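Asks: Contents are mmCIF, C-alpha atoms and all ligand atoms; file name run34.cif:
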data_model
#
loop_
_atom_site.label_atom_id
_atom_site.label_comp_id
_atom_site.auth_asym_id
_atom_site.auth_seq_id
_atom_site.Cartn_x
_atom_site.Cartn_y
_atom_site.Cartn_z
CA MET T 45 49.25 -29.03 19.32
CA THR T 46 45.75 -28.31 18.08
CA PHE T 47 43.11 -25.97 19.44
CA GLN T 48 39.37 -25.98 19.82
CA ALA T 49 36.90 -23.15 20.32
CA PRO T 50 36.46 -22.61 24.08
CA LYS T 51 33.66 -24.43 25.91
CA GLY T 52 30.29 -22.80 25.35
CA THR T 53 31.40 -21.18 22.08
CA PHE T 54 31.22 -22.33 18.48
CA ASP T 55 32.13 -21.17 14.99
CA TRP T 56 29.54 -20.12 12.47
CA MET T 57 30.75 -21.78 9.27
CA PRO T 58 29.34 -21.66 5.72
CA PRO T 59 26.72 -22.33 4.57
CA ARG T 60 24.97 -22.21 7.98
CA SER T 61 26.73 -18.95 8.85
CA GLU T 62 24.76 -17.32 6.04
CA TRP T 63 21.65 -17.87 8.13
CA ALA T 64 23.17 -16.05 11.10
CA LEU T 65 23.77 -13.06 8.84
CA ALA T 66 20.31 -13.30 7.30
CA VAL T 67 18.70 -13.47 10.76
CA ARG T 68 20.66 -10.46 12.00
CA ASP T 69 19.61 -8.44 8.95
CA ALA T 70 15.98 -9.52 9.11
CA LEU T 71 15.59 -8.80 12.83
CA ALA T 72 17.12 -5.34 12.45
CA ALA T 73 15.29 -4.36 9.25
CA PRO T 74 11.88 -3.45 10.77
CA ALA T 75 13.55 -1.22 13.40
CA ARG T 76 15.67 0.49 10.76
CA ARG T 77 12.53 1.20 8.73
CA ALA T 78 10.95 2.69 11.86
CA GLY T 79 13.63 5.32 12.36
CA TYR T 80 15.99 3.51 14.73
CA GLY T 81 19.60 4.60 14.17
CA TYR T 82 22.60 2.27 14.39
CA VAL T 83 24.73 2.39 17.53
CA GLU T 84 27.93 0.47 18.15
CA THR T 85 29.47 0.43 21.61
CA PRO T 86 32.66 -1.28 22.88
CA ALA T 87 32.59 -5.01 23.62
CA PHE T 88 33.84 -4.25 27.15
CA GLU T 89 32.93 -1.61 29.69
CA ASP T 90 33.71 -0.52 33.20
CA THR T 91 32.62 -3.42 35.43
CA ALA T 92 30.65 -1.03 37.64
CA LEU T 93 28.39 -0.08 34.70
CA PHE T 94 27.04 -3.63 34.54
CA ALA T 95 26.99 -4.08 38.30
CA ARG T 96 24.70 -1.05 38.55
CA GLY T 97 23.06 -1.23 35.13
CA VAL T 98 22.20 -4.92 35.11
CA GLY T 99 21.77 -5.24 38.87
CA GLU T 100 23.93 -6.55 41.73
CA SER T 101 21.53 -9.35 42.62
CA THR T 102 21.09 -10.82 39.13
CA ASP T 103 22.65 -14.11 38.01
CA ILE T 104 24.46 -12.17 35.31
CA VAL T 105 26.32 -9.97 37.77
CA THR T 106 26.80 -12.48 40.57
CA LYS T 107 28.16 -15.35 38.50
CA GLU T 108 28.12 -14.88 34.73
CA MET T 109 30.40 -11.94 33.95
CA TYR T 110 33.77 -12.19 32.22
CA THR T 111 35.62 -9.68 34.35
CA PHE T 112 39.32 -8.89 34.10
CA THR T 113 41.77 -6.29 35.28
CA SER T 114 43.37 -4.32 32.48
CA ARG T 115 47.10 -3.66 32.44
CA GLY T 116 46.24 -0.18 33.67
CA GLY T 117 44.59 -1.69 36.75
CA GLN T 118 40.97 -0.98 35.76
CA SER T 119 38.26 -3.60 36.25
CA LEU T 120 36.61 -4.25 32.90
CA THR T 121 33.88 -6.70 31.86
CA LEU T 122 32.95 -8.20 28.50
CA ARG T 123 29.40 -6.99 27.86
CA PRO T 124 26.78 -9.52 28.99
CA GLU T 125 23.94 -7.51 27.40
CA GLY T 126 23.43 -4.31 25.43
CA THR T 127 21.04 -2.01 27.26
CA ALA T 128 23.42 -0.68 29.92
CA SER T 129 26.05 0.18 27.28
CA VAL T 130 23.53 1.97 25.07
CA MET T 131 22.24 3.98 28.03
CA ARG T 132 25.83 4.82 29.02
CA ALA T 133 26.54 6.04 25.47
CA VAL T 134 23.37 8.14 25.33
CA LEU T 135 24.24 9.78 28.65
CA GLU T 136 27.91 10.27 27.71
CA HIS T 137 26.94 11.99 24.45
CA GLY T 138 24.19 14.05 26.05
CA LEU T 139 21.59 12.89 23.52
CA TYR T 140 18.82 13.30 26.09
CA GLY T 141 19.12 17.07 25.52
CA GLY T 142 17.92 16.66 21.90
CA PRO T 143 14.75 15.32 20.32
CA LEU T 144 13.06 12.48 22.20
CA PRO T 145 12.64 9.60 22.02
CA ILE T 146 16.15 8.54 21.01
CA LYS T 147 15.67 5.40 18.92
CA LEU T 148 18.68 3.12 18.49
CA TRP T 149 19.40 -0.43 17.32
CA TYR T 150 22.51 -2.57 17.58
CA SER T 151 23.85 -6.02 16.96
CA GLY T 152 26.84 -7.90 18.22
CA SER T 153 28.46 -10.46 20.50
CA TYR T 154 27.59 -10.86 24.18
CA PHE T 155 29.37 -12.89 26.84
CA ARG T 156 28.01 -14.77 29.84
CA TYR T 157 29.70 -17.51 31.81
CA GLU T 158 26.65 -19.81 31.72
CA ARG T 159 26.17 -23.56 31.90
CA ALA T 160 26.76 -24.38 28.24
CA GLN T 161 24.00 -26.41 26.56
CA ALA T 162 21.88 -26.40 23.40
CA GLY T 163 20.73 -22.82 22.81
CA ARG T 164 22.74 -21.47 25.76
CA TYR T 165 26.25 -20.35 24.98
CA ARG T 166 29.00 -18.33 26.62
CA HIS T 167 29.41 -16.24 23.51
CA PHE T 168 26.20 -15.45 21.66
CA SER T 169 24.76 -12.85 19.39
CA GLN T 170 21.86 -10.45 19.78
CA VAL T 171 20.06 -7.76 17.83
CA GLY T 172 18.73 -5.07 20.13
CA ALA T 173 16.59 -1.94 19.89
CA GLU T 174 15.99 0.74 22.49
CA ALA T 175 13.74 3.82 22.55
CA LEU T 176 14.91 6.23 25.24
CA GLY T 177 13.33 9.30 26.75
CA ALA T 178 9.58 8.83 26.27
CA GLU T 179 6.81 7.30 28.26
CA ASP T 180 4.23 6.42 25.64
CA PRO T 181 2.38 3.12 25.32
CA ALA T 182 2.66 3.45 21.53
CA LEU T 183 6.44 3.15 21.88
CA ASP T 184 6.18 -0.08 23.87
CA ALA T 185 3.73 -1.43 21.31
CA GLU T 186 5.91 -0.27 18.39
CA LEU T 187 8.93 -2.20 19.63
CA ILE T 188 6.89 -5.37 20.16
CA VAL T 189 5.35 -5.13 16.69
CA LEU T 190 8.79 -4.56 15.12
CA ALA T 191 10.19 -7.70 16.76
CA MET T 192 7.20 -9.81 15.71
CA ASP T 193 7.51 -8.45 12.16
CA GLY T 194 11.20 -9.41 12.15
CA TYR T 195 10.43 -13.00 13.15
CA ALA T 196 7.59 -13.19 10.63
CA SER T 197 9.81 -11.91 7.80
CA LEU T 198 12.03 -14.96 8.34
CA GLY T 199 9.04 -17.20 7.77
CA LEU T 200 8.75 -18.18 11.44
CA SER T 201 5.20 -19.00 12.46
CA GLY T 202 5.81 -20.43 15.94
CA VAL T 203 6.88 -17.35 17.89
CA ARG T 204 4.58 -16.57 20.83
CA LEU T 205 4.45 -13.28 22.67
CA LEU T 206 4.05 -13.25 26.45
CA LEU T 207 3.04 -9.92 27.97
CA ASN T 208 2.92 -8.50 31.47
CA SER T 209 3.18 -5.25 33.43
CA LEU T 210 5.44 -4.88 36.45
CA GLY T 211 3.91 -1.69 37.80
CA CYS T 212 5.79 1.47 38.75
CA LYS T 213 7.34 3.35 41.67
CA GLU T 214 3.86 3.93 43.07
CA CYS T 215 2.40 0.43 43.07
CA ARG T 216 5.46 -1.78 43.05
CA PRO T 217 6.50 -1.38 46.73
CA ALA T 218 3.19 -2.77 48.04
CA TYR T 219 3.40 -5.71 45.66
CA ARG T 220 7.01 -6.32 46.55
CA ALA T 221 6.11 -6.44 50.25
CA ALA T 222 3.20 -8.83 49.63
CA LEU T 223 5.45 -11.07 47.55
CA GLN T 224 8.16 -11.04 50.22
CA ASP T 225 5.61 -12.09 52.85
CA PHE T 226 4.57 -15.01 50.69
CA LEU T 227 8.12 -16.08 49.77
CA ARG T 228 9.39 -15.97 53.36
CA GLY T 229 6.95 -18.76 54.20
CA LEU T 230 8.42 -21.16 51.60
CA ASP T 231 11.03 -23.88 51.96
CA LEU T 232 14.00 -22.36 50.11
CA ASP T 233 17.79 -22.59 50.18
CA GLU T 234 19.82 -19.80 51.73
CA ALA T 235 20.84 -18.06 48.49
CA THR T 236 17.20 -17.87 47.44
CA ARG T 237 16.16 -16.62 50.90
CA ASN T 238 18.70 -13.82 50.52
CA ARG T 239 17.26 -13.00 47.14
CA ILE T 240 13.82 -12.53 48.73
CA GLU T 241 15.24 -9.59 50.65
CA ILE T 242 17.23 -8.01 47.81
CA ASN T 243 15.15 -8.77 44.74
CA PRO T 244 12.03 -10.87 45.37
CA LEU T 245 10.78 -10.66 41.78
CA ARG T 246 13.79 -12.68 40.68
CA VAL T 247 12.52 -15.61 42.71
CA LEU T 248 9.44 -15.77 40.47
CA ASP T 249 11.82 -16.30 37.55
CA ASP T 250 13.52 -19.29 39.21
CA LYS T 251 13.63 -22.16 36.73
CA ARG T 252 14.17 -25.01 39.27
CA PRO T 253 11.15 -27.35 39.56
CA GLU T 254 11.41 -27.56 43.39
CA VAL T 255 11.09 -23.78 43.56
CA ARG T 256 8.46 -23.48 40.84
CA ALA T 257 6.26 -26.03 42.61
CA GLN T 258 5.98 -23.71 45.61
CA LEU T 259 5.11 -20.58 43.66
CA ASP T 260 1.54 -21.48 42.69
CA GLY T 261 -0.18 -19.27 45.23
CA ALA T 262 2.23 -16.32 44.87
CA PRO T 263 0.58 -12.89 44.71
CA LEU T 264 0.40 -11.60 41.14
CA VAL T 265 1.71 -8.19 40.16
CA THR T 266 -1.32 -7.64 37.93
CA ASP T 267 -3.56 -7.67 41.02
CA HIS T 268 -1.52 -4.82 42.50
CA LEU T 269 -1.24 -2.32 39.62
CA CYS T 270 -2.19 1.29 40.29
CA GLY T 271 -4.74 3.04 38.08
CA ALA T 272 -2.12 4.70 35.89
CA CYS T 273 -0.27 1.42 35.29
CA LYS T 274 -3.50 -0.41 34.53
CA ALA T 275 -4.51 2.24 32.00
CA TYR T 276 -1.05 2.22 30.42
CA HIS T 277 -1.10 -1.55 30.09
CA GLU T 278 -4.59 -1.54 28.59
CA GLU T 279 -3.41 0.98 26.01
CA VAL T 280 -0.40 -1.19 25.03
CA ARG T 281 -2.66 -4.23 24.67
CA GLY T 282 -5.17 -2.31 22.56
CA LEU T 283 -2.44 -1.04 20.21
CA LEU T 284 -1.01 -4.54 19.77
CA THR T 285 -4.42 -5.90 18.90
CA ALA T 286 -5.03 -3.03 16.48
CA ALA T 287 -1.72 -3.86 14.76
CA GLY T 288 -2.74 -7.51 14.44
CA VAL T 289 -0.27 -8.87 16.99
CA ALA T 290 -1.54 -11.65 19.26
CA TYR T 291 -0.25 -11.90 22.82
CA GLU T 292 -0.75 -14.05 25.88
CA ASP T 293 -1.06 -12.40 29.28
CA ASP T 294 1.45 -13.92 31.67
CA PRO T 295 1.15 -12.38 35.15
CA ARG T 296 4.24 -14.35 36.24
CA LEU T 297 6.55 -12.96 33.60
CA VAL T 298 9.16 -10.82 35.35
CA ARG T 299 12.36 -9.01 34.70
CA GLY T 300 13.96 -9.09 38.08
CA LEU T 301 15.47 -5.63 38.33
CA ASP T 302 14.07 -2.85 40.43
CA TYR T 303 14.20 -0.31 37.66
CA TYR T 304 12.23 -2.44 35.23
CA THR T 305 8.76 -0.96 35.15
CA ARG T 306 5.44 -1.53 33.48
CA THR T 307 5.56 -3.35 30.13
CA THR T 308 7.50 -6.64 30.12
CA PHE T 309 7.47 -9.17 27.33
CA GLU T 310 9.15 -12.28 26.07
CA PHE T 311 9.15 -14.04 22.69
CA LEU T 312 9.05 -17.82 22.96
CA HIS T 313 9.45 -20.61 20.44
CA ASP T 314 8.20 -24.06 21.39
CA GLY T 315 10.58 -25.90 19.09
CA LEU T 316 13.60 -25.09 21.25
CA GLY T 317 13.21 -27.25 24.36
CA ALA T 318 14.34 -25.70 27.63
CA GLN T 319 15.98 -22.63 26.06
CA SER T 320 12.71 -21.41 24.58
CA ALA T 321 13.14 -17.61 24.75
CA VAL T 322 14.15 -16.17 21.39
CA GLY T 323 13.92 -12.62 22.69
CA GLY T 324 12.74 -10.40 25.48
CA GLY T 325 12.44 -6.87 26.66
CA GLY T 326 10.51 -4.26 28.50
CA ARG T 327 10.36 -0.81 29.97
CA TYR T 328 13.18 0.33 32.25
CA ASP T 329 12.18 3.77 33.46
CA GLY T 330 14.69 3.78 36.33
CA LEU T 331 17.90 2.69 34.60
CA SER T 332 19.21 6.12 33.61
CA GLU T 333 19.04 7.41 37.19
CA GLN T 334 20.58 4.16 38.41
CA ILE T 335 23.75 4.95 36.46
CA GLY T 336 23.87 8.64 37.24
CA GLY T 337 21.71 10.13 34.48
CA PRO T 338 18.54 12.23 34.47
CA ALA T 339 15.07 10.68 34.44
CA LEU T 340 14.85 8.98 31.04
CA PRO T 341 11.93 6.56 30.74
CA SER T 342 12.84 3.97 28.14
CA VAL T 343 11.83 0.68 26.59
CA GLY T 344 13.72 -1.88 24.52
CA TRP T 345 14.32 -5.47 23.53
CA ALA T 346 17.10 -7.90 22.72
CA LEU T 347 16.55 -10.78 20.32
CA GLY T 348 18.82 -13.82 20.28
CA VAL T 349 20.32 -14.50 16.85
CA ASP T 350 21.58 -18.02 17.69
CA ARG T 351 18.26 -19.23 19.06
CA THR T 352 16.36 -17.66 16.17
CA VAL T 353 18.44 -19.74 13.74
CA LEU T 354 17.63 -22.81 15.86
CA ALA T 355 13.93 -21.89 15.75
CA MET T 356 14.11 -21.64 11.95
CA GLU T 357 15.77 -25.03 11.84
CA ALA T 358 13.00 -26.46 14.06
CA GLU T 359 10.45 -25.14 11.54
CA GLY T 360 12.37 -26.62 8.60
CA LEU T 361 13.23 -23.19 7.22
CA LEU T 362 16.96 -23.84 6.66
CA ALA T 363 16.45 -26.16 3.69
CA GLU T 364 17.06 -23.54 1.05
CA ARG T 365 20.71 -22.57 0.83
CA PRO T 366 21.27 -18.85 1.46
CA GLY T 367 24.07 -16.87 -0.17
CA GLY T 368 26.24 -18.85 -2.58
CA VAL T 369 26.97 -17.95 -6.18
CA GLU T 370 24.84 -17.83 -9.33
CA VAL T 371 27.54 -18.50 -11.89
CA PHE T 372 30.65 -20.72 -11.75
CA ALA T 373 33.35 -20.41 -14.40
CA VAL T 374 35.39 -23.39 -15.53
CA PRO T 375 38.47 -22.55 -17.64
CA LEU T 376 39.97 -25.54 -19.46
CA GLY T 377 43.68 -24.71 -19.56
CA GLU T 378 45.94 -21.77 -18.86
CA GLU T 379 44.99 -19.58 -21.77
CA ALA T 380 41.32 -20.10 -20.89
CA ARG T 381 42.03 -19.09 -17.30
CA ARG T 382 43.63 -15.83 -18.49
CA ARG T 383 40.49 -15.08 -20.52
CA VAL T 384 37.98 -16.21 -17.90
CA PHE T 385 39.50 -14.14 -15.12
CA PRO T 386 38.56 -10.69 -16.57
CA LEU T 387 35.17 -12.06 -17.61
CA VAL T 388 34.47 -13.17 -14.03
CA SER T 389 35.50 -9.72 -12.77
CA GLU T 390 33.19 -8.07 -15.29
CA LEU T 391 30.26 -10.29 -14.31
CA ARG T 392 30.80 -9.48 -10.63
CA ARG T 393 30.93 -5.76 -11.39
CA ALA T 394 27.63 -6.20 -13.24
CA GLY T 395 26.15 -7.39 -9.94
CA LEU T 396 26.19 -11.16 -10.40
CA ALA T 397 27.51 -13.57 -7.77
CA VAL T 398 30.29 -15.46 -9.51
CA ASP T 399 33.06 -17.87 -8.56
CA MET T 400 35.54 -19.84 -10.70
CA ALA T 401 37.59 -23.00 -10.48
CA PHE T 402 41.05 -22.47 -9.00
CA GLY T 403 44.05 -24.67 -8.59
CA GLY T 404 44.37 -26.14 -12.09
CA ARG T 405 42.17 -29.20 -11.43
CA GLY T 406 41.01 -31.32 -14.35
CA VAL T 407 37.67 -30.70 -16.00
CA LYS T 408 36.00 -33.34 -13.85
CA GLY T 409 37.08 -31.75 -10.59
CA ALA T 410 36.17 -28.30 -11.89
CA MET T 411 32.65 -29.39 -12.89
CA LYS T 412 32.23 -31.02 -9.47
CA ALA T 413 33.20 -27.69 -7.88
CA ALA T 414 30.63 -25.95 -10.09
CA ASP T 415 27.92 -28.34 -8.90
CA ARG T 416 28.91 -27.98 -5.27
CA SER T 417 28.88 -24.20 -5.51
CA GLY T 418 25.10 -24.20 -5.91
CA ALA T 419 25.44 -22.00 -9.03
CA ARG T 420 22.65 -22.08 -11.60
CA TYR T 421 25.02 -21.67 -14.56
CA ALA T 422 28.50 -22.91 -15.40
CA LEU T 423 30.63 -20.96 -17.86
CA ILE T 424 32.97 -23.35 -19.66
CA LEU T 425 35.80 -22.10 -21.81
CA GLY T 426 38.09 -24.41 -23.80
CA ASP T 427 40.59 -23.87 -26.63
CA ARG T 428 37.95 -24.38 -29.30
CA ASP T 429 35.68 -21.82 -27.64
CA ILE T 430 38.53 -19.30 -27.54
CA GLU T 431 39.03 -19.75 -31.28
CA ALA T 432 35.30 -19.28 -31.85
CA GLY T 433 35.18 -16.23 -29.55
CA ALA T 434 32.40 -17.86 -27.52
CA VAL T 435 31.83 -19.47 -24.14
CA GLN T 436 29.67 -22.47 -23.26
CA VAL T 437 26.87 -21.55 -20.84
CA LYS T 438 25.57 -24.66 -19.13
CA ASP T 439 22.36 -24.61 -17.11
CA LEU T 440 23.30 -26.86 -14.21
CA THR T 441 19.69 -27.67 -13.35
CA THR T 442 18.77 -28.95 -16.85
CA ALA T 443 22.26 -29.68 -18.27
CA ASP T 444 21.29 -27.66 -21.38
CA GLN T 445 24.32 -26.00 -22.96
CA THR T 446 24.55 -23.09 -25.41
CA ALA T 447 27.47 -21.25 -26.95
CA VAL T 448 27.26 -17.51 -26.29
CA PRO T 449 29.62 -14.99 -27.98
CA LEU T 450 32.08 -13.64 -25.40
CA ALA T 451 30.95 -10.07 -25.94
CA GLU T 452 27.37 -11.01 -25.08
CA VAL T 453 27.90 -13.18 -22.00
CA VAL T 454 27.28 -10.44 -19.45
CA ALA T 455 24.00 -9.34 -21.01
CA PHE T 456 22.96 -12.96 -21.60
CA LEU T 457 23.47 -14.01 -17.95
CA LYS T 458 21.98 -10.81 -16.57
CA GLY T 459 18.88 -11.51 -18.61
CA LYS T 460 18.67 -15.10 -17.41
CA LEU T 461 19.26 -14.32 -13.74
CA SER T 462 17.19 -11.17 -13.25
P1 LIG N 1 17.10 -16.94 29.46
O1 LIG N 1 15.87 -16.83 30.29
O2 LIG N 1 16.98 -17.94 28.36
O3 LIG N 1 18.36 -17.07 30.25
P2 LIG N 1 17.57 -14.12 29.41
O4 LIG N 1 16.37 -13.58 30.09
O5 LIG N 1 18.82 -14.25 30.17
O6 LIG N 1 17.20 -15.52 28.71
P3 LIG N 1 17.97 -11.76 27.85
O7 LIG N 1 19.05 -11.24 28.71
O8 LIG N 1 16.64 -11.12 27.90
O9 LIG N 1 17.82 -13.33 28.07
O10 LIG N 1 18.50 -11.80 26.34
C1 LIG N 1 17.62 -11.72 25.22
C2 LIG N 1 17.74 -12.95 24.34
O11 LIG N 1 19.10 -13.27 24.08
C3 LIG N 1 17.18 -14.22 24.95
O12 LIG N 1 15.78 -14.27 24.77
C4 LIG N 1 17.90 -15.28 24.16
O13 LIG N 1 17.27 -15.50 22.92
C5 LIG N 1 19.25 -14.67 23.94
N1 LIG N 1 20.22 -15.20 24.92
C6 LIG N 1 20.39 -14.82 26.22
N2 LIG N 1 21.37 -15.52 26.80
C7 LIG N 1 21.83 -16.39 25.85
C8 LIG N 1 22.86 -17.40 25.82
N3 LIG N 1 23.62 -17.64 26.89
N4 LIG N 1 23.05 -18.11 24.67
C9 LIG N 1 22.30 -17.86 23.57
N5 LIG N 1 21.33 -16.93 23.54
C10 LIG N 1 21.09 -16.19 24.65
MG MG N 2 19.69 -15.77 31.17
#
Could the structure of this file be written out as structure tokens, please?
Ligand code: ATP
Ligand code: MG
Replies:
Amino acid sequence: MTFQAPKGTFDWMPPRSEWALAVRDALAAPARRAGYGYVETPAFEDTALFARGVGESTDIVTKEMYTFTSRGGQSLTLRPEGTASVMRAVLEHGLYGGPLPIKLWYSGSYFRYERAQAGRYRHFSQVGAEALGAEDPALDAELIVLAMDGYASLGLSGVRLLLNSLGCKECRPAYRAALQDFLRGLDLDEATRNRIEINPLRVLDDKRPEVRAQLDGAPLVTDHLCGACKAYHEEVRGLLTAAGVAYEDDPRLVRGLDYYTRTTFEFLHDGLGAQSAVGGGGRYDGLSEQIGGPALPSVGWALGVDRTVLAMEAEGLLAERPGGVEVFAVPLGEEARRRVFPLVSELRRAGLAVDMAFGGRGVKGAMKAADRSGARYALILGDRDIEAGAVQVKDLTTADQTAVPLAEVVAFLKGKLS
């Protein structure tokens, strides 16, 4: 019997897996440099945390969660996203009593029972950042700039930023009512009609063409913002422009939860087909209270690692091979292997990336392995070299070969590779 990875999941295998690591590091690096601390929460939580923290009427909660009953009889759910868990951890540890804002970043696996397709998986990976406990347009702008800097550091040039404001407790109810009036007049299926009553903003996010076609005349949230929300949004936009970040206003961009407020944004890449969002986020001033905490206005984002790798591929950025070794040692015979082994260890301790031929293959197979490794240099040691106290250093790009005394190999290669 053989096994395959479950539907909607896949394995990251070398060398492509190196890009997943590189993307994770690159997306987190700007946040780390901006004072965001690392947080790691469990991969599963109390089901009720997500029901309340993500929202009962969302697709995630109604049909995408991996929920199970533990042996102890508790309902648990594999995390479908990171924000609710981070908020839960901040509340549990009482961090809101200390200096604000609390700035945190994280990275890991997320699980959603979705229709599996290119760029949409049931197990996927995100890097996230959240700034909790401050209402300051500079914080919204900071997070957006950090994400754009992360994408740019990977060489991506095709990431677009869509920006909107969803208003607040003051102005949202009137907009919500106006939107409901409009939506009730449309020709929609029963599930969508129910959604109009529970969470009308979600309907604006419907991806089905037959629904989209009817939404053209829908009232726009931007026409209903109160003075404070308008001013806040203007400030965010001004700060983004000052930091050299271009954005497109998209008055239809929504996050469908009631506690999402004000700033909302999405990062799109046009090389990805239907699954074009490489990241998204926004302000969620009501979430803390929703899960039993004090008022804690917050903003954050989550960036998709898998789709970012796909975006890099679409831009031809995966050509260069990441990771790999710089030096590959080829011992010719048993005595040579005994001598090469400590030399390889020494080179690695000196900071070089080094591999060697294993398994007693002939010289041909060993040289093939050296070529395949992507190393710049091969170290070849035969009986004659042992007698001479030297090793052959072969530049695999030019095929030039020089004998280097054993005692000098480390310094020689460090000089060549630095
Ligand atoms: P979409 O509109 O594509 O369903 P979303 O709004 O559900 O995205 P978020 O919950 O905001 O996505 O997650 C942030 C990012 O995580 C997305 O922009 C995307 O890059 C990535 N992501 C979300 N769901 C998946 C998935 N099922 N497979 C791969 N990546 C995903
Ligand atoms: Mg989704």
Asks: What's the 7 Å shell around segment 188-200 of chain T, counting only C-alpha atoms, without same-chain residues fewer than 6 positions away, as a list in words?
Replies: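 Answer for this query is Ala70, Leu71, Pro74, Ala75, Val289 and Met356 of chain T.
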Asks: At most 10 Å from (18.8, -4.9, 15.5), file frame, all atoms listed in the file: which residues, as an MDAnalysis selection string?
Replies: chainID T and resid 67:76 80:83 148:152 170:174 191 194 345:347 349
Asks: As a PyMOL selection string, please: the residues near segment 123-136 of chain T (cut-off 10 Å, all atoms listed in the file, same-chain neighbours under 4 positions excluded).
Replies: chain T and resi 83-91+93-98+104-105+108-111+140-141+146+148-157+166-174+176+325+328+331-332+335-338+340+342-346
Asks: Neighbours of segment 453-461 of chain T within 8 Å (only C-alpha atoms; same-chain residues fewer than 5 positions away dropped), as a PDB file with C-alpha atoms, keeping the file's coordinate frame?
Replies:
ATOM      1  CA  GLU T 370      24.840 -17.830  -9.330  1.00  0.00           C
ATOM      2  CA  GLU T 390      33.190  -8.070 -15.290  1.00  0.00           C
ATOM      3  CA  LEU T 391      30.260 -10.290 -14.310  1.00  0.00           C
ATOM      4  CA  ALA T 394      27.630  -6.200 -13.240  1.00  0.00           C
ATOM      5  CA  LEU T 396      26.190 -11.160 -10.400  1.00  0.00           C
ATOM      6  CA  VAL T 435      31.830 -19.470 -24.140  1.00  0.00           C
ATOM      7  CA  VAL T 448      27.260 -17.510 -26.290  1.00  0.00           C
TER       8      VAL T 448
END
Asks: Atom CA of Leu210 of chain T to atom CA of Thr305 of chain T: how many Å, to one decimal?
Replies: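 So the two atoms, atom CA of Leu210 of chain T and atom CA of Thr305 of chain T, lie 5.3 Å apart.
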Asks: In Å, how far is it from atom CA of Cys215 of chain T to atom CA of Ala235 of chain T?
Replies: 26.7 Å
Asks: Quick one: of T:Pro386, T:Pro375, T:Pro58, T:Gly403, who's nearest to Asp427 of chain T, counting only C-alpha atoms?
Replies: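 So, comparing all the options, the nearest one is T:Pro375.
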Asks: Between T:Asp350, T:Glu359, T:Glu379, T:Glu279, single out the one closest to ligand LIG 1 (chain N), counting all atoms listed in the file.
Replies: T:Asp350
